[in-house]
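Participant: The structure follows.
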Amino acid sequence: MSARPFIPWPDKRLQTAAAPVGEITDEIRAIWDDMVDTMEAMPGYGLAAPQIGVMLRLAVVDCSKERGQAVRLADPEITMLGEELFDWEEASPNVPGISAKLSRPSRVAVAYTDESGARVEKKFEGLWATSVQHQIDHLEGRMFFDRLSRVKRQMLLKKAAKR
């Protein structure tokens, strides 16, 4: 498989909700493989399919220190949000050079379809929880800066436009 190019902000696909995946096929598994290769090439902690122009509800997340532990998610849905928050400086390769510290729940449970086609639920904590939430935002057509105040968002996007 191979790394794929990122679509640049403000491409409308990054602002559009992705379509449900449904059945897991060899084609879906091949997309996931490319997504893992793309995530590792960044390097990053996660990737959603719309970031590479694939408008399906697919994501991969790997926050392990040793890498190679990618969780592949199709049609993910958050089923539980913890009350404690975790702060992390978030960014996106679709808008290089900008980032912002966000606070998100430090624990989440997510229902998703796995590589075998089974619907499973998994709990994520810390950076894993942040990355999963970040990827699900992408699947809904939201960027990390959409969670900022209007003023902060405008400042970031103005900075990005100068690049």
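Just so we're on the same page: first chain in the structure tokens is A, next is B, and so on; residues restart at 1 for each chain, and ligands are numbered from 1 in the order they show up.
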List every residue of chain A that DSSP, applied to the backbone of this structure, assigns to strand (DSSP E or B), and report them as a ChimeraX atom specification.
Facilitator: /A:19,46-48,56,58-61,71-81,85-91,99-105,107-113,119-125
Participant: Write down as a VMD selection string the residues belonging to chain A that are assigned alpha helix (DSSP H) by DSSP computed on the backbone.
Facilitator: chain A and resid 26 to 41 127 to 139 150 to 161
Participant: For the selection you just gave me, I'd like the residues written to a file as a compact mmCIF listing (two decimals), in the first residue's frame, keeping N, CA and C atoms.
Facilitator:
```txt
# COMPACT_ATOMS: atom_id res chain seq x y z
N ASP A 26 -12.75 -5.93 0.78
CA ASP A 26 -11.31 -5.83 0.55
C ASP A 26 -10.92 -4.42 0.12
N GLU A 27 -11.81 -3.73 -0.60
CA GLU A 27 -11.54 -2.35 -1.00
C GLU A 27 -11.43 -1.44 0.23
N ILE A 28 -12.33 -1.63 1.19
CA ILE A 28 -12.28 -0.85 2.44
C ILE A 28 -10.99 -1.15 3.19
N ARG A 29 -10.63 -2.42 3.28
CA ARG A 29 -9.38 -2.80 3.97
C ARG A 29 -8.17 -2.17 3.28
N ALA A 30 -8.18 -2.08 1.95
CA ALA A 30 -7.08 -1.46 1.21
C ALA A 30 -7.01 0.05 1.51
N ILE A 31 -8.16 0.69 1.63
CA ILE A 31 -8.18 2.11 1.99
C ILE A 31 -7.58 2.28 3.38
N TRP A 32 -8.00 1.43 4.32
CA TRP A 32 -7.43 1.49 5.68
C TRP A 32 -5.91 1.33 5.65
N ASP A 33 -5.41 0.37 4.84
CA ASP A 33 -3.96 0.17 4.75
C ASP A 33 -3.27 1.44 4.26
N ASP A 34 -3.82 2.07 3.23
CA ASP A 34 -3.27 3.34 2.74
C ASP A 34 -3.33 4.42 3.82
N MET A 35 -4.42 4.43 4.58
CA MET A 35 -4.56 5.43 5.64
C MET A 35 -3.50 5.23 6.73
N VAL A 36 -3.22 3.99 7.09
CA VAL A 36 -2.18 3.73 8.09
C VAL A 36 -0.83 4.18 7.54
N ASP A 37 -0.54 3.85 6.29
CA ASP A 37 0.73 4.30 5.68
C ASP A 37 0.82 5.82 5.65
N THR A 38 -0.29 6.49 5.34
CA THR A 38 -0.32 7.95 5.29
C THR A 38 -0.12 8.54 6.68
N MET A 39 -0.79 7.96 7.69
CA MET A 39 -0.64 8.42 9.08
C MET A 39 0.81 8.26 9.54
N GLU A 40 1.43 7.14 9.22
CA GLU A 40 2.81 6.91 9.64
C GLU A 40 3.78 7.84 8.92
N ALA A 41 3.49 8.18 7.69
CA ALA A 41 4.36 9.07 6.92
C ALA A 41 4.32 10.51 7.43
N LEU A 127 -4.54 10.38 25.18
CA LEU A 127 -4.30 10.79 23.80
C LEU A 127 -5.12 9.95 22.82
N TRP A 128 -5.32 8.67 23.11
CA TRP A 128 -6.15 7.82 22.26
C TRP A 128 -7.56 8.40 22.16
N ALA A 129 -8.12 8.82 23.31
CA ALA A 129 -9.48 9.39 23.32
C ALA A 129 -9.51 10.69 22.52
N THR A 130 -8.50 11.53 22.69
CA THR A 130 -8.44 12.79 21.94
C THR A 130 -8.37 12.51 20.44
N SER A 131 -7.52 11.59 20.03
CA SER A 131 -7.37 11.31 18.60
C SER A 131 -8.65 10.73 18.00
N VAL A 132 -9.30 9.83 18.72
CA VAL A 132 -10.55 9.26 18.20
C VAL A 132 -11.60 10.37 18.02
N GLN A 133 -11.72 11.26 19.00
CA GLN A 133 -12.69 12.36 18.90
C GLN A 133 -12.33 13.29 17.73
N HIS A 134 -11.05 13.56 17.56
CA HIS A 134 -10.57 14.41 16.46
C HIS A 134 -10.95 13.79 15.12
N GLN A 135 -10.75 12.48 14.97
CA GLN A 135 -11.07 11.81 13.70
C GLN A 135 -12.59 11.79 13.46
N ILE A 136 -13.36 11.56 14.50
CA ILE A 136 -14.82 11.56 14.33
C ILE A 136 -15.30 12.95 13.93
N ASP A 137 -14.67 13.99 14.47
CA ASP A 137 -14.99 15.36 14.02
C ASP A 137 -14.78 15.48 12.51
N HIS A 138 -13.65 14.98 12.01
CA HIS A 138 -13.39 15.01 10.56
C HIS A 138 -14.51 14.31 9.79
N LEU A 139 -14.97 13.19 10.31
CA LEU A 139 -16.03 12.43 9.63
C LEU A 139 -17.35 13.20 9.59
N ARG A 150 -14.85 32.04 17.89
CA ARG A 150 -14.82 32.65 16.57
C ARG A 150 -13.55 33.48 16.36
N VAL A 151 -13.16 34.24 17.38
CA VAL A 151 -11.98 35.11 17.27
C VAL A 151 -10.71 34.27 17.11
N LYS A 152 -10.54 33.25 17.93
CA LYS A 152 -9.35 32.39 17.83
C LYS A 152 -9.32 31.66 16.49
N ARG A 153 -10.47 31.18 16.04
CA ARG A 153 -10.54 30.48 14.76
C ARG A 153 -10.12 31.42 13.63
N GLN A 154 -10.64 32.64 13.62
CA GLN A 154 -10.29 33.60 12.58
C GLN A 154 -8.80 33.92 12.58
N MET A 155 -8.22 34.05 13.77
CA MET A 155 -6.78 34.32 13.88
C MET A 155 -5.97 33.17 13.29
N LEU A 156 -6.35 31.95 13.61
CA LEU A 156 -5.63 30.78 13.09
C LEU A 156 -5.75 30.69 11.57
N LEU A 157 -6.95 30.87 11.07
CA LEU A 157 -7.17 30.75 9.61
C LEU A 157 -6.47 31.89 8.85
N LYS A 158 -6.39 33.05 9.48
CA LYS A 158 -5.65 34.16 8.86
C LYS A 158 -4.16 33.80 8.78
N LYS A 159 -3.66 33.19 9.84
CA LYS A 159 -2.26 32.74 9.84
C LYS A 159 -2.04 31.68 8.77
N ALA A 160 -2.99 30.76 8.63
CA ALA A 160 -2.86 29.68 7.63
C ALA A 160 -2.89 30.26 6.22
N ALA A 161 -3.68 31.28 5.99
CA ALA A 161 -3.81 31.88 4.66
C ALA A 161 -2.51 32.55 4.21
```
Participant: Considering only C-alpha atoms, state which residue in the set A:Ala70, A:Val54, A:Ile7, A:Cys63 is at the smallest distance from A:Asp114.
Facilitator: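 Ranked by minimum distance to A:Asp114, first place goes to A:Ala70.
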Participant: Restricting the calculation to only C-alpha atoms: of A:Glu89, A:Asp75, A:Glu23, A:Asp146, which residue gets closest to A:Gly117?
Facilitator: A:Glu23
Participant: Point out the residue among A:Asn94, A:Ser99, A:Ser116, A:Ser149 with the least atom-to-atom distance to A:Ala49, counting only C-alpha atoms.
Facilitator: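 The closest residue to A:Ala49 is A:Asn94.
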Participant: Pick from A:Glu77, A:Gly97, A:Asp87, A:Phe6: nearest to A:Ala109, with only C-alpha atoms counted?
Facilitator: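 Among the listed residues, the smallest separation from A:Ala109 belongs to A:Glu77.
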Participant: From the list A:Leu85, A:Leu58, A:Met143, A:Ala3, which residue is nearest A:Ala19 when using only C-alpha atoms?
Facilitator: A:Leu58
Participant: Identify which of the residues A:Arg104, A:Gln15, A:Pro43, A:Pro76 lies closest to A:Trp88, counting only C-alpha atoms when measuring atom-to-atom distances.
Facilitator: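 For A:Trp88, the nearest of the given residues is A:Arg104.
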